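Q: One file is attached below, final.cif, containing mmCIF, C-alpha atoms.
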```cif
data_entry
#
loop_
_atom_site.label_atom_id
_atom_site.label_comp_id
_atom_site.auth_asym_id
_atom_site.auth_seq_id
_atom_site.Cartn_x
_atom_site.Cartn_y
_atom_site.Cartn_z
CA MET A 35 51.20 81.67 1.24
CA SER A 36 51.66 78.28 -0.38
CA ARG A 37 55.07 77.98 -2.06
CA LEU A 38 55.77 74.78 -3.96
CA ARG A 39 58.89 74.01 -5.96
CA VAL A 40 58.58 71.49 -8.80
CA THR A 41 61.36 68.90 -8.49
CA LYS A 42 60.15 66.23 -10.93
CA THR A 43 57.62 66.45 -13.75
CA ASN A 44 56.54 65.20 -17.16
CA PRO A 45 55.26 66.97 -20.30
CA PHE A 46 51.64 66.35 -19.31
CA CYS A 47 51.62 68.28 -16.03
CA LEU A 48 49.97 71.62 -16.76
CA LEU A 49 48.56 74.67 -15.03
CA GLN A 50 44.86 74.83 -15.88
CA ASP A 51 41.65 76.62 -15.01
CA ALA A 52 38.22 76.57 -16.69
CA GLY A 53 39.70 77.77 -20.00
CA ARG A 54 39.27 80.86 -22.16
CA PHE A 55 35.98 81.74 -23.76
CA GLY A 56 34.75 84.28 -26.31
CA SER A 57 37.80 83.91 -28.55
CA ARG A 58 37.05 80.98 -30.85
CA HIS A 59 36.11 83.36 -33.66
CA LEU A 60 39.81 84.30 -33.58
CA GLY A 61 40.87 80.67 -33.94
CA ILE A 62 41.87 80.45 -30.26
CA THR A 63 40.75 77.25 -28.58
CA GLN A 64 39.23 76.79 -25.14
CA GLY A 65 41.89 74.85 -23.23
CA GLY A 66 41.22 74.30 -19.53
CA ALA A 67 41.04 71.28 -17.24
CA ALA A 68 40.19 68.10 -19.14
CA ASP A 69 38.36 66.75 -16.09
CA TRP A 70 36.64 69.96 -15.00
CA LEU A 71 34.55 67.99 -12.51
CA SER A 72 37.58 66.90 -10.47
CA MET A 73 39.08 70.39 -10.76
CA GLY A 74 35.87 71.83 -9.30
CA TRP A 75 35.84 69.44 -6.35
CA ALA A 76 39.54 70.03 -5.59
CA ASN A 77 38.77 73.74 -5.41
CA TRP A 78 35.58 73.18 -3.41
CA LEU A 79 37.54 71.33 -0.74
CA LEU A 80 39.45 74.57 -0.06
CA GLY A 81 36.55 76.95 -0.46
CA ASN A 82 37.82 78.27 -3.81
CA ARG A 83 35.85 79.22 -6.88
CA PRO A 84 35.29 76.09 -9.01
CA ASP A 85 37.40 77.60 -11.82
CA ALA A 86 40.43 78.63 -9.73
CA ALA A 87 43.79 77.65 -11.25
CA VAL A 88 44.99 74.14 -10.43
CA VAL A 89 47.74 71.78 -11.52
CA GLU A 90 46.53 69.05 -13.87
CA ILE A 91 48.81 66.07 -13.18
CA ALA A 92 48.57 63.41 -15.87
CA PHE A 93 50.17 59.96 -15.52
CA GLY A 94 52.02 60.81 -12.28
CA ASN A 95 55.81 61.04 -11.90
CA PHE A 96 55.42 64.51 -10.42
CA ASP A 97 57.07 65.82 -7.23
CA LEU A 98 56.78 69.10 -5.33
CA ILE A 99 58.68 70.31 -2.28
CA ALA A 100 57.10 72.83 0.07
CA GLU A 101 59.06 76.03 0.71
CA ALA A 102 56.38 77.09 3.19
CA ASP A 103 53.53 75.31 4.96
CA CYS A 104 50.89 74.61 2.30
CA TYR A 105 47.24 73.65 2.58
CA LEU A 106 46.37 71.64 -0.52
CA ALA A 107 43.63 69.43 -1.95
CA ILE A 108 43.60 66.61 -4.50
CA ALA A 109 40.71 65.26 -6.56
CA GLY A 110 40.42 63.02 -9.57
CA ALA A 111 42.65 60.06 -10.37
CA ASP A 112 44.47 58.02 -7.77
CA LEU A 113 48.12 58.59 -8.71
CA GLN A 114 49.39 57.05 -5.45
CA ALA A 115 50.23 60.44 -3.95
CA HIS A 116 52.23 60.30 -0.74
CA ILE A 117 54.25 62.36 1.75
CA LYS A 118 57.14 60.46 3.36
CA GLY A 119 55.37 57.21 2.53
CA ARG A 120 52.06 58.45 4.01
CA GLN A 121 49.34 57.92 1.45
CA ILE A 122 47.28 60.95 0.38
CA LEU A 123 43.99 59.84 -1.10
CA PRO A 124 42.19 61.87 -3.77
CA TRP A 125 39.07 63.84 -2.81
CA SER A 126 40.78 65.17 0.32
CA SER A 127 42.58 68.24 1.67
CA PHE A 128 45.76 68.12 3.73
CA LEU A 129 48.75 70.06 5.07
CA LEU A 130 52.15 69.81 3.40
CA LYS A 131 54.72 71.16 5.85
CA ARG A 132 57.75 73.19 4.87
CA GLY A 133 60.54 70.91 3.66
CA GLU A 134 58.23 67.98 2.89
CA THR A 135 57.83 66.50 -0.60
CA LEU A 136 54.53 65.56 -2.17
CA SER A 137 55.04 62.81 -4.73
CA PHE A 138 52.70 61.41 -7.39
CA CYS A 139 53.50 57.96 -8.76
CA SER A 140 52.02 55.83 -11.54
CA PRO A 141 48.24 55.80 -12.12
CA LYS A 142 46.22 53.38 -10.02
CA LYS A 143 42.75 54.54 -11.01
CA GLY A 144 42.24 57.18 -13.70
CA ILE A 145 45.06 59.18 -15.27
CA ARG A 146 44.54 62.84 -14.23
CA ALA A 147 44.68 64.27 -10.71
CA TYR A 148 44.05 67.91 -9.82
CA LEU A 149 46.01 69.78 -7.15
CA ALA A 150 44.45 72.90 -5.65
CA THR A 151 45.71 75.57 -3.24
CA PRO A 152 43.81 78.32 -1.38
CA GLY A 153 42.65 80.95 -3.86
CA GLY A 154 44.17 79.04 -6.79
CA PHE A 155 47.71 79.14 -8.14
CA SER A 156 49.14 82.48 -9.21
CA ALA A 157 49.94 82.80 -12.92
CA LYS A 158 50.09 85.42 -15.64
CA PRO A 159 46.73 85.34 -17.47
CA THR A 160 46.51 85.29 -21.25
CA MET A 161 43.18 86.54 -22.61
CA GLY A 162 41.65 86.16 -19.17
CA SER A 163 42.86 82.63 -18.43
CA CYS A 164 46.01 80.79 -17.39
CA ALA A 165 44.87 77.58 -19.14
CA THR A 166 47.89 75.95 -20.79
CA VAL A 167 47.53 75.18 -24.51
CA LEU A 168 50.89 73.94 -25.76
CA ARG A 169 49.96 74.10 -29.45
CA ASP A 170 48.90 77.75 -29.23
CA GLU A 171 51.77 78.72 -26.88
CA MET A 172 49.25 80.33 -24.54
CA GLY A 173 48.70 80.20 -20.80
CA GLY A 174 50.73 78.38 -18.22
CA LEU A 175 52.82 79.72 -15.38
CA ASN A 176 54.50 82.44 -17.44
CA GLY A 177 51.97 82.89 -20.24
CA ASP A 178 54.10 81.08 -22.82
CA GLY A 179 52.03 77.90 -23.05
CA LEU A 180 54.70 75.62 -21.62
CA ALA A 181 54.16 72.62 -19.37
CA LEU A 182 55.51 72.84 -15.82
CA SER A 183 59.26 72.34 -15.58
CA SER A 184 61.61 71.29 -12.80
CA ASN A 185 62.45 74.22 -10.51
CA ASP A 186 59.24 76.11 -11.35
CA LEU A 187 57.82 77.87 -8.29
CA LEU A 188 54.09 77.64 -7.71
CA GLU A 189 52.51 80.14 -5.32
CA SER A 190 48.96 80.54 -4.08
CA LEU A 191 46.94 83.69 -4.67
CA GLU A 192 45.91 83.82 -1.00
CA LYS A 193 48.61 85.03 1.34
CA THR A 194 47.23 83.44 4.51
CA PRO A 195 47.30 79.63 4.59
CA ARG A 196 43.92 78.12 5.41
CA ILE A 197 41.96 74.92 5.23
CA SER A 198 38.18 74.82 4.97
CA GLY A 199 37.55 71.58 6.82
CA ARG A 200 35.28 70.40 4.02
CA SER A 201 35.05 66.76 2.96
CA VAL A 202 33.44 65.14 -0.07
CA LYS A 203 30.58 63.06 1.33
CA SER A 204 29.68 61.42 -1.98
CA ILE A 205 32.67 60.92 -4.26
CA PRO A 206 31.73 61.55 -7.92
CA ASP A 207 31.84 58.53 -10.21
CA ILE A 208 34.50 59.38 -12.79
CA SER A 209 34.86 55.77 -13.88
CA LEU A 210 33.80 54.29 -17.22
CA ARG A 211 31.37 51.78 -15.75
CA GLU A 212 28.37 53.67 -17.12
CA PRO A 213 28.10 54.68 -20.81
CA LEU A 214 29.12 58.16 -21.90
CA ASP A 215 26.11 60.37 -22.64
CA LEU A 216 25.92 61.83 -26.14
CA VAL A 217 23.54 64.58 -27.27
CA MET A 218 22.72 63.64 -30.87
CA GLY A 219 23.29 66.22 -33.59
CA ALA A 220 21.45 66.99 -36.81
CA GLN A 221 23.93 65.03 -38.96
CA ILE A 222 23.28 61.70 -37.22
CA GLY A 223 20.34 61.15 -39.59
CA ASN A 224 22.79 60.90 -42.51
CA PHE A 225 24.64 57.92 -41.08
CA ALA A 226 23.67 54.41 -42.22
CA GLY A 227 21.09 52.79 -39.94
CA GLN A 228 23.50 49.99 -39.04
CA SER A 229 26.14 52.57 -38.14
CA VAL A 230 23.77 54.38 -35.77
CA PHE A 231 22.95 51.04 -34.14
CA ASP A 232 26.64 50.15 -33.86
CA ALA A 233 27.52 53.55 -32.40
CA PHE A 234 25.34 52.94 -29.33
CA ASN A 235 25.57 49.16 -29.02
CA SER A 236 29.30 48.47 -29.36
CA ASP A 237 32.36 48.71 -27.18
CA TRP A 238 34.77 51.44 -28.24
CA ILE A 239 38.46 51.21 -27.38
CA ILE A 240 40.54 54.27 -26.48
CA ASP A 241 43.29 54.42 -29.11
CA VAL A 242 46.90 55.29 -28.33
CA ARG A 243 46.34 58.36 -30.50
CA ALA A 244 44.64 60.27 -27.72
CA ASP A 245 45.57 63.64 -26.28
CA ARG A 246 43.98 66.85 -25.04
CA MET A 247 43.04 67.79 -28.60
CA GLY A 248 41.13 64.62 -29.45
CA ILE A 249 40.54 61.02 -28.39
CA ARG A 250 40.25 58.47 -31.17
CA LEU A 251 37.91 55.53 -30.60
CA THR A 252 38.39 52.23 -32.40
CA GLY A 253 35.56 49.83 -33.13
CA PRO A 254 33.06 49.17 -35.92
CA SER A 255 33.44 51.42 -38.96
CA LEU A 256 30.69 54.05 -39.18
CA SER A 257 29.39 55.01 -42.60
CA TYR A 258 28.25 58.55 -43.38
CA GLN A 259 25.95 58.74 -46.40
CA GLY A 260 25.23 62.45 -46.57
CA GLU A 261 26.72 65.18 -48.74
CA GLY A 262 30.05 66.82 -48.08
CA LEU A 263 30.08 69.45 -45.35
CA VAL A 264 31.42 72.98 -45.09
CA SER A 265 33.67 73.44 -42.06
CA GLU A 266 31.78 74.75 -39.05
CA ALA A 267 32.37 75.53 -35.40
CA ILE A 268 32.80 72.48 -33.17
CA PRO A 269 31.96 72.29 -29.47
CA LEU A 270 33.69 70.46 -26.65
CA GLY A 271 32.92 66.74 -26.89
CA ALA A 272 32.00 66.78 -30.59
CA VAL A 273 32.20 63.23 -31.98
CA GLN A 274 33.54 63.57 -35.51
CA VAL A 275 33.67 60.65 -37.92
CA PRO A 276 36.43 60.92 -40.56
CA PRO A 277 36.45 58.83 -43.76
CA ASP A 278 37.97 55.78 -42.00
CA GLY A 279 34.78 55.49 -39.93
CA GLN A 280 36.55 55.63 -36.55
CA PRO A 281 35.13 58.40 -34.29
CA ILE A 282 37.26 61.13 -32.74
CA VAL A 283 36.02 62.88 -29.59
CA LEU A 284 37.28 66.46 -29.61
CA GLY A 285 38.70 67.75 -26.34
CA ASN A 286 39.64 71.01 -24.67
CA ASP A 287 42.54 71.76 -27.02
CA ARG A 288 40.55 70.99 -30.19
CA GLN A 289 40.68 73.07 -33.36
CA THR A 290 37.90 75.65 -33.55
CA ILE A 291 36.30 74.47 -36.82
CA GLY A 292 36.00 71.14 -38.62
CA GLY A 293 34.38 69.59 -41.67
CA TYR A 294 33.84 65.94 -40.72
CA PRO A 295 30.28 64.75 -40.00
CA ARG A 296 29.35 64.38 -36.35
CA LEU A 297 27.23 61.97 -34.38
CA GLY A 298 26.68 64.74 -31.84
CA ALA A 299 28.58 65.77 -28.73
CA LEU A 300 29.33 64.16 -25.38
CA THR A 301 27.99 66.00 -22.36
CA PRO A 302 30.51 67.96 -20.25
CA ILE A 303 30.15 65.43 -17.42
CA SER A 304 30.90 62.56 -19.82
CA MET A 305 33.91 64.49 -21.12
CA ALA A 306 35.22 64.75 -17.56
CA ARG A 307 34.92 60.98 -17.20
CA LEU A 308 36.52 60.36 -20.60
CA ALA A 309 39.48 62.52 -19.51
CA GLN A 310 40.32 59.78 -16.98
CA ALA A 311 40.49 57.04 -19.64
CA GLY A 312 43.78 55.69 -20.92
CA PRO A 313 44.74 53.76 -24.08
CA GLY A 314 43.04 50.36 -24.19
CA ASP A 315 40.14 51.32 -21.93
CA LYS A 316 36.64 50.46 -23.15
CA VAL A 317 33.76 52.92 -23.35
CA ARG A 318 30.16 52.83 -24.55
CA LEU A 319 27.99 55.65 -25.86
CA ARG A 320 24.41 56.38 -24.81
CA PRO A 321 22.02 58.87 -26.48
CA ILE A 322 20.58 61.54 -24.19
CA LEU A 323 18.27 64.52 -24.60
CA ALA A 324 19.84 67.96 -24.34
CA GLU A 325 17.29 68.94 -21.68
CA THR A 326 18.25 65.97 -19.49
CA ALA A 327 21.94 66.77 -19.87
CA LEU A 328 21.34 70.39 -18.89
CA VAL A 329 19.55 69.42 -15.66
CA SER A 330 22.41 67.11 -14.68
CA HIS A 331 24.96 69.83 -15.44
CA ARG A 332 23.14 72.39 -13.29
CA ASP A 333 22.85 69.92 -10.43
CA THR A 334 26.63 69.51 -10.43
CA PHE A 335 27.23 73.23 -10.01
CA GLN A 336 24.64 73.49 -7.24
CA GLN A 337 26.72 71.07 -5.14
CA TRP A 338 29.54 73.64 -5.07
CA HIS A 339 27.40 76.48 -3.73
#
```
Go ahead and render the structure in this file as structure tokens.
A:
Amino acid sequence: MSRLRVTKTNPFCLLQDAGRFGSRHLGITQGGAADWLSMGWANWLLGNRPDAAVVEIAFGNFDLIAEADCYLAIAGADLQAHIKGRQILPWSSFLLKRGETLSFCSPKKGIRAYLATPGGFSAKPTMGSCATVLRDEMGGLNGDGLALSSNDLLESLEKTPRISGRSVKSIPDISLREPLDLVMGAQIGNFAGQSVFDAFNSDWIIDVRADRMGIRLTGPSLSYQGEGLVSEAIPLGAVQVPPDGQPIVLGNDRQTIGGYPRLGALTPISMARLAQAGPGDKVRLRPILAETALVSHRDTFQQWH
């Protein structure tokens, strides 16, 4: 059994899985790994289900000491992970021996890394998920919605340590080199023509006001010319435009309803890539058909089976 003791952490290191579903009518948000793509590959490396519980490590400065031999895997951002000075690259599995410390430093590429263990990490589920949502005080190691703390003990669900021997032959591109795909919504027709042009032909800067609930983009001001809206359910990746004209991309910890007009919604794969962006990074948006996005999404899951 993997046994890992947290010795250093920050408020953004969270226990996550795929999130909780079927509860938004109760006002309970989804939660779950912001970069679900990297979470899935970290689990795949160990032969786990894609949605097994992992540690989402944001911005580094996170240390764990092994209290037993642990087979682990990392995917996602390069947070300069190392064991006794030996570099551990993302998209790989490895053995952490008893008494050794695994350390994550400052981000080198991306901002979120995902740490997996055989079978997933053991945690008390809340409404069928251990996804940590701090605002709702749900999920996490003890079901109270708290981030990981120093001295927390993380254990694997599988009792027998194992490693699958798998390797990622083609590392997914989680960079921002390509535009983020956006499925246009019905309200996009009520934006000024110039605003629609600007939305897809301008650089957008990730604002410092970005978290797991929403990521504000700064750039040209978008003008909505339609009537006022009644609040309605909002999906992951919804791109809302408040009165100041600066879009907000809603993330895993978003509110369940909202009344601002929307350009549409980013695809799940684009949301995974956006989760690796930090303040000051540039992104572009690209319109895509829902059917095309669905094919790409299915292809991703087929790689894990």
Q: Tell me which of A:Val264, A:Ala107, A:Ala309, A:Ala220 sits closest to A:Tyr294, counting only C-alpha atoms.
A: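 Nearest candidate to A:Tyr294 out of A:Val264, A:Ala107, A:Ala309, A:Ala220: A:Val264.
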Q: Listing only residues of stretch 152-188 of chain A within 9 Å of stretch 192-202 of chain A, what is the closest atom pair and its distance in Å (to one decimal) for each, using only C-alpha atoms, sorted by chain and residue number ascending, as a tab-separated table?
A:
```
residue	atom	partner	partner_atom	distance
A:Pro152	CA	A:Glu192	CA	5.9
A:Gly153	CA	A:Glu192	CA	5.2
A:Gly154	CA	A:Glu192	CA	7.7
A:Phe155	CA	A:Glu192	CA	8.7
A:Ser156	CA	A:Glu192	CA	8.9
```
Q: Point out the residue among A:Asp69, A:Asp245, A:Asp85, A:Glu189 with the least atom-to-atom distance to A:Ala52, counting only C-alpha atoms.
A: A:Asp85
Q: Report as a list in words the residues that result from applying the PyMOL selection byres ((chain A and resi 119) around 12) to the structure here.
A: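 Selection result, ordered by chain and number: Gln114, Ala115, His116, Ile117, Lys118, Arg120, Gln121, Ile122, Glu134, Thr135, Leu136, Ser137, Phe138 and Cys139 of chain A.
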Q: Hey, what comes out of the PyMOL selection byres ((chain A and resi 258) around 7) on this file? Could you write it as a list in words?
A: Asn224, Phe225, Ala226, Leu256, Ser257, Gln259 and Gly260 of chain A
Q: Kindly assemble as CSV a list of the stretch 220-249 of chain A residues that lie within 7 Å of stretch 312-319 of chain A, each paired with its nearest atom pair and their distance in Å to one decimal, using all atoms listed in the file, sorted first by chain and then by ascending residue number.
A:
```
residue,atom,partner,partner_atom,distance
A:Ala233,CA,A:Leu319,CA,6.9
A:Phe234,CA,A:Leu319,CA,5.1
A:Ser236,CA,A:Arg318,CA,6.5
A:Asp237,CA,A:Arg318,CA,5.4
A:Trp238,CA,A:Val317,CA,5.2
A:Ile239,CA,A:Lys316,CA,4.7
A:Ile240,CA,A:Pro313,CA,4.9
A:Asp241,CA,A:Pro313,CA,5.3
A:Val242,CA,A:Pro313,CA,5.0
```
Q: Suppose a student applies the PyMOL selection byres ((chain A and resi 96) around 9) to this structure; what residues should they get, written as a PDB file with C-alpha atoms, keeping the file's coordinate frame?
A:
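Heads up, here's the output in expr-v1.pdb:
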```
ATOM      1  CA  VAL A  40      58.580  71.490  -8.800  1.00  0.00           C
ATOM      2  CA  THR A  41      61.360  68.900  -8.490  1.00  0.00           C
ATOM      3  CA  LYS A  42      60.150  66.230 -10.930  1.00  0.00           C
ATOM      4  CA  THR A  43      57.620  66.450 -13.750  1.00  0.00           C
ATOM      5  CA  ASN A  44      56.540  65.200 -17.160  1.00  0.00           C
ATOM      6  CA  CYS A  47      51.620  68.280 -16.030  1.00  0.00           C
ATOM      7  CA  ILE A  91      48.810  66.070 -13.180  1.00  0.00           C
ATOM      8  CA  ALA A  92      48.570  63.410 -15.870  1.00  0.00           C
ATOM      9  CA  PHE A  93      50.170  59.960 -15.520  1.00  0.00           C
ATOM     10  CA  GLY A  94      52.020  60.810 -12.280  1.00  0.00           C
ATOM     11  CA  ASN A  95      55.810  61.040 -11.900  1.00  0.00           C
ATOM     12  CA  ASP A  97      57.070  65.820  -7.230  1.00  0.00           C
ATOM     13  CA  LEU A  98      56.780  69.100  -5.330  1.00  0.00           C
ATOM     14  CA  LEU A 136      54.530  65.560  -2.170  1.00  0.00           C
ATOM     15  CA  SER A 137      55.040  62.810  -4.730  1.00  0.00           C
ATOM     16  CA  PHE A 138      52.700  61.410  -7.390  1.00  0.00           C
ATOM     17  CA  CYS A 139      53.500  57.960  -8.760  1.00  0.00           C
TER      18      CYS A 139
END
```
Q: May I ask for the distance between atom CA of A:Asp112 and atom CA of A:Ala147, given in Å to one decimal place?
A: 6.9 Å
Q: What gap, in Å, lies between atom CA of A:Ile303 and atom CA of A:Arg169?
A: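 Distance between the two atoms: 24.7 Å.
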Q: Please, could N, CA and C atoms be added to stretch 112-146 of chain A and the result written as a PDB file, in the coordinates of the input?
A:
```pdb
ATOM      1  N   ASP A 112      43.577  58.478  -8.825  1.00  0.00           N
ATOM      2  CA  ASP A 112      44.470  58.020  -7.770  1.00  0.00           C
ATOM      3  C   ASP A 112      45.837  57.764  -8.386  1.00  0.00           C
ATOM      4  N   LEU A 113      46.755  58.705  -8.176  1.00  0.00           N
ATOM      5  CA  LEU A 113      48.120  58.590  -8.710  1.00  0.00           C
ATOM      6  C   LEU A 113      49.096  58.200  -7.593  1.00  0.00           C
ATOM      7  N   GLN A 114      48.571  57.537  -6.570  1.00  0.00           N
ATOM      8  CA  GLN A 114      49.390  57.050  -5.450  1.00  0.00           C
ATOM      9  C   GLN A 114      50.213  58.188  -4.835  1.00  0.00           C
ATOM     10  N   ALA A 115      49.547  59.306  -4.577  1.00  0.00           N
ATOM     11  CA  ALA A 115      50.230  60.440  -3.950  1.00  0.00           C
ATOM     12  C   ALA A 115      50.627  60.078  -2.519  1.00  0.00           C
ATOM     13  N   HIS A 116      51.784  60.582  -2.104  1.00  0.00           N
ATOM     14  CA  HIS A 116      52.230  60.300  -0.740  1.00  0.00           C
ATOM     15  C   HIS A 116      53.207  61.369  -0.250  1.00  0.00           C
ATOM     16  N   ILE A 117      53.283  61.475   1.070  1.00  0.00           N
ATOM     17  CA  ILE A 117      54.250  62.360   1.750  1.00  0.00           C
ATOM     18  C   ILE A 117      55.024  61.491   2.732  1.00  0.00           C
ATOM     19  N   LYS A 118      56.311  61.304   2.495  1.00  0.00           N
ATOM     20  CA  LYS A 118      57.140  60.460   3.360  1.00  0.00           C
ATOM     21  C   LYS A 118      56.524  59.074   3.539  1.00  0.00           C
ATOM     22  N   GLY A 119      55.967  58.539   2.457  1.00  0.00           N
ATOM     23  CA  GLY A 119      55.370  57.210   2.530  1.00  0.00           C
ATOM     24  C   GLY A 119      53.949  57.202   3.042  1.00  0.00           C
ATOM     25  N   ARG A 120      53.447  58.346   3.535  1.00  0.00           N
ATOM     26  CA  ARG A 120      52.060  58.450   4.010  1.00  0.00           C
ATOM     27  C   ARG A 120      51.150  58.711   2.835  1.00  0.00           C
ATOM     28  N   GLN A 121      50.217  57.809   2.600  1.00  0.00           N
ATOM     29  CA  GLN A 121      49.340  57.920   1.450  1.00  0.00           C
ATOM     30  C   GLN A 121      48.391  59.104   1.574  1.00  0.00           C
ATOM     31  N   ILE A 122      48.238  59.845   0.456  1.00  0.00           N
ATOM     32  CA  ILE A 122      47.280  60.950   0.380  1.00  0.00           C
ATOM     33  C   ILE A 122      46.236  60.565  -0.657  1.00  0.00           C
ATOM     34  N   LEU A 123      45.037  60.288  -0.198  1.00  0.00           N
ATOM     35  CA  LEU A 123      43.990  59.840  -1.100  1.00  0.00           C
ATOM     36  C   LEU A 123      43.368  61.024  -1.844  1.00  0.00           C
ATOM     37  N   PRO A 124      42.903  60.794  -3.081  1.00  0.00           N
ATOM     38  CA  PRO A 124      42.190  61.870  -3.770  1.00  0.00           C
ATOM     39  C   PRO A 124      40.884  62.192  -3.054  1.00  0.00           C
ATOM     40  N   TRP A 125      40.300  63.341  -3.408  1.00  0.00           N
ATOM     41  CA  TRP A 125      39.070  63.840  -2.810  1.00  0.00           C
ATOM     42  C   TRP A 125      39.284  64.231  -1.342  1.00  0.00           C
ATOM     43  N   SER A 126      40.486  64.762  -1.054  1.00  0.00           N
ATOM     44  CA  SER A 126      40.780  65.170   0.320  1.00  0.00           C
ATOM     45  C   SER A 126      41.684  66.394   0.326  1.00  0.00           C
ATOM     46  N   SER A 127      41.660  67.121   1.455  1.00  0.00           N
ATOM     47  CA  SER A 127      42.580  68.240   1.670  1.00  0.00           C
ATOM     48  C   SER A 127      43.563  67.856   2.762  1.00  0.00           C
ATOM     49  N   PHE A 128      44.705  68.520   2.796  1.00  0.00           N
ATOM     50  CA  PHE A 128      45.760  68.120   3.730  1.00  0.00           C
ATOM     51  C   PHE A 128      46.789  69.238   3.857  1.00  0.00           C
ATOM     52  N   LEU A 129      47.666  69.098   4.839  1.00  0.00           N
ATOM     53  CA  LEU A 129      48.750  70.060   5.070  1.00  0.00           C
ATOM     54  C   LEU A 129      50.068  69.446   4.613  1.00  0.00           C
ATOM     55  N   LEU A 130      50.786  70.182   3.794  1.00  0.00           N
ATOM     56  CA  LEU A 130      52.150  69.810   3.400  1.00  0.00           C
ATOM     57  C   LEU A 130      53.077  70.789   4.105  1.00  0.00           C
ATOM     58  N   LYS A 131      53.866  70.281   5.050  1.00  0.00           N
ATOM     59  CA  LYS A 131      54.720  71.160   5.850  1.00  0.00           C
ATOM     60  C   LYS A 131      55.977  71.557   5.093  1.00  0.00           C
ATOM     61  N   ARG A 132      56.522  72.683   5.499  1.00  0.00           N
ATOM     62  CA  ARG A 132      57.750  73.190   4.870  1.00  0.00           C
ATOM     63  C   ARG A 132      58.838  72.113   4.912  1.00  0.00           C
ATOM     64  N   GLY A 133      59.477  71.895   3.766  1.00  0.00           N
ATOM     65  CA  GLY A 133      60.540  70.910   3.660  1.00  0.00           C
ATOM     66  C   GLY A 133      60.066  69.527   3.242  1.00  0.00           C
ATOM     67  N   GLU A 134      58.755  69.287   3.281  1.00  0.00           N
ATOM     68  CA  GLU A 134      58.230  67.980   2.890  1.00  0.00           C
ATOM     69  C   GLU A 134      57.999  67.928   1.376  1.00  0.00           C
ATOM     70  N   THR A 135      58.050  66.717   0.836  1.00  0.00           N
ATOM     71  CA  THR A 135      57.830  66.500  -0.600  1.00  0.00           C
ATOM     72  C   THR A 135      56.541  65.730  -0.818  1.00  0.00           C
ATOM     73  N   LEU A 136      55.745  66.253  -1.715  1.00  0.00           N
ATOM     74  CA  LEU A 136      54.530  65.560  -2.170  1.00  0.00           C
ATOM     75  C   LEU A 136      54.856  64.885  -3.487  1.00  0.00           C
ATOM     76  N   SER A 137      54.682  63.576  -3.540  1.00  0.00           N
ATOM     77  CA  SER A 137      55.040  62.810  -4.730  1.00  0.00           C
ATOM     78  C   SER A 137      53.818  62.116  -5.320  1.00  0.00           C
ATOM     79  N   PHE A 138      53.736  62.132  -6.651  1.00  0.00           N
ATOM     80  CA  PHE A 138      52.700  61.410  -7.390  1.00  0.00           C
ATOM     81  C   PHE A 138      53.386  60.325  -8.201  1.00  0.00           C
ATOM     82  N   CYS A 139      52.896  59.089  -8.067  1.00  0.00           N
ATOM     83  CA  CYS A 139      53.500  57.960  -8.760  1.00  0.00           C
ATOM     84  C   CYS A 139      52.650  57.543  -9.953  1.00  0.00           C
ATOM     85  N   SER A 140      52.737  56.292 -10.346  1.00  0.00           N
ATOM     86  CA  SER A 140      52.020  55.830 -11.540  1.00  0.00           C
ATOM     87  C   SER A 140      50.522  55.722 -11.263  1.00  0.00           C
ATOM     88  N   PRO A 141      49.695  55.844 -12.297  1.00  0.00           N
ATOM     89  CA  PRO A 141      48.240  55.800 -12.120  1.00  0.00           C
ATOM     90  C   PRO A 141      47.765  54.470 -11.567  1.00  0.00           C
ATOM     91  N   LYS A 142      46.867  54.559 -10.588  1.00  0.00           N
ATOM     92  CA  LYS A 142      46.220  53.380 -10.020  1.00  0.00           C
ATOM     93  C   LYS A 142      44.768  53.302 -10.468  1.00  0.00           C
ATOM     94  N   LYS A 143      44.140  54.457 -10.555  1.00  0.00           N
ATOM     95  CA  LYS A 143      42.750  54.540 -11.010  1.00  0.00           C
ATOM     96  C   LYS A 143      42.553  55.899 -11.651  1.00  0.00           C
ATOM     97  N   GLY A 144      42.280  55.917 -12.971  1.00  0.00           N
ATOM     98  CA  GLY A 144      42.240  57.180 -13.700  1.00  0.00           C
ATOM     99  C   GLY A 144      43.633  57.621 -14.078  1.00  0.00           C
ATOM    100  N   ILE A 145      43.727  58.720 -14.835  1.00  0.00           N
ATOM    101  CA  ILE A 145      45.060  59.180 -15.270  1.00  0.00           C
ATOM    102  C   ILE A 145      45.339  60.635 -14.932  1.00  0.00           C
ATOM    103  N   ARG A 146      44.323  61.415 -14.505  1.00  0.00           N
ATOM    104  CA  ARG A 146      44.540  62.840 -14.230  1.00  0.00           C
ATOM    105  C   ARG A 146      44.082  63.197 -12.821  1.00  0.00           C
TER     106      ARG A 146
END
```
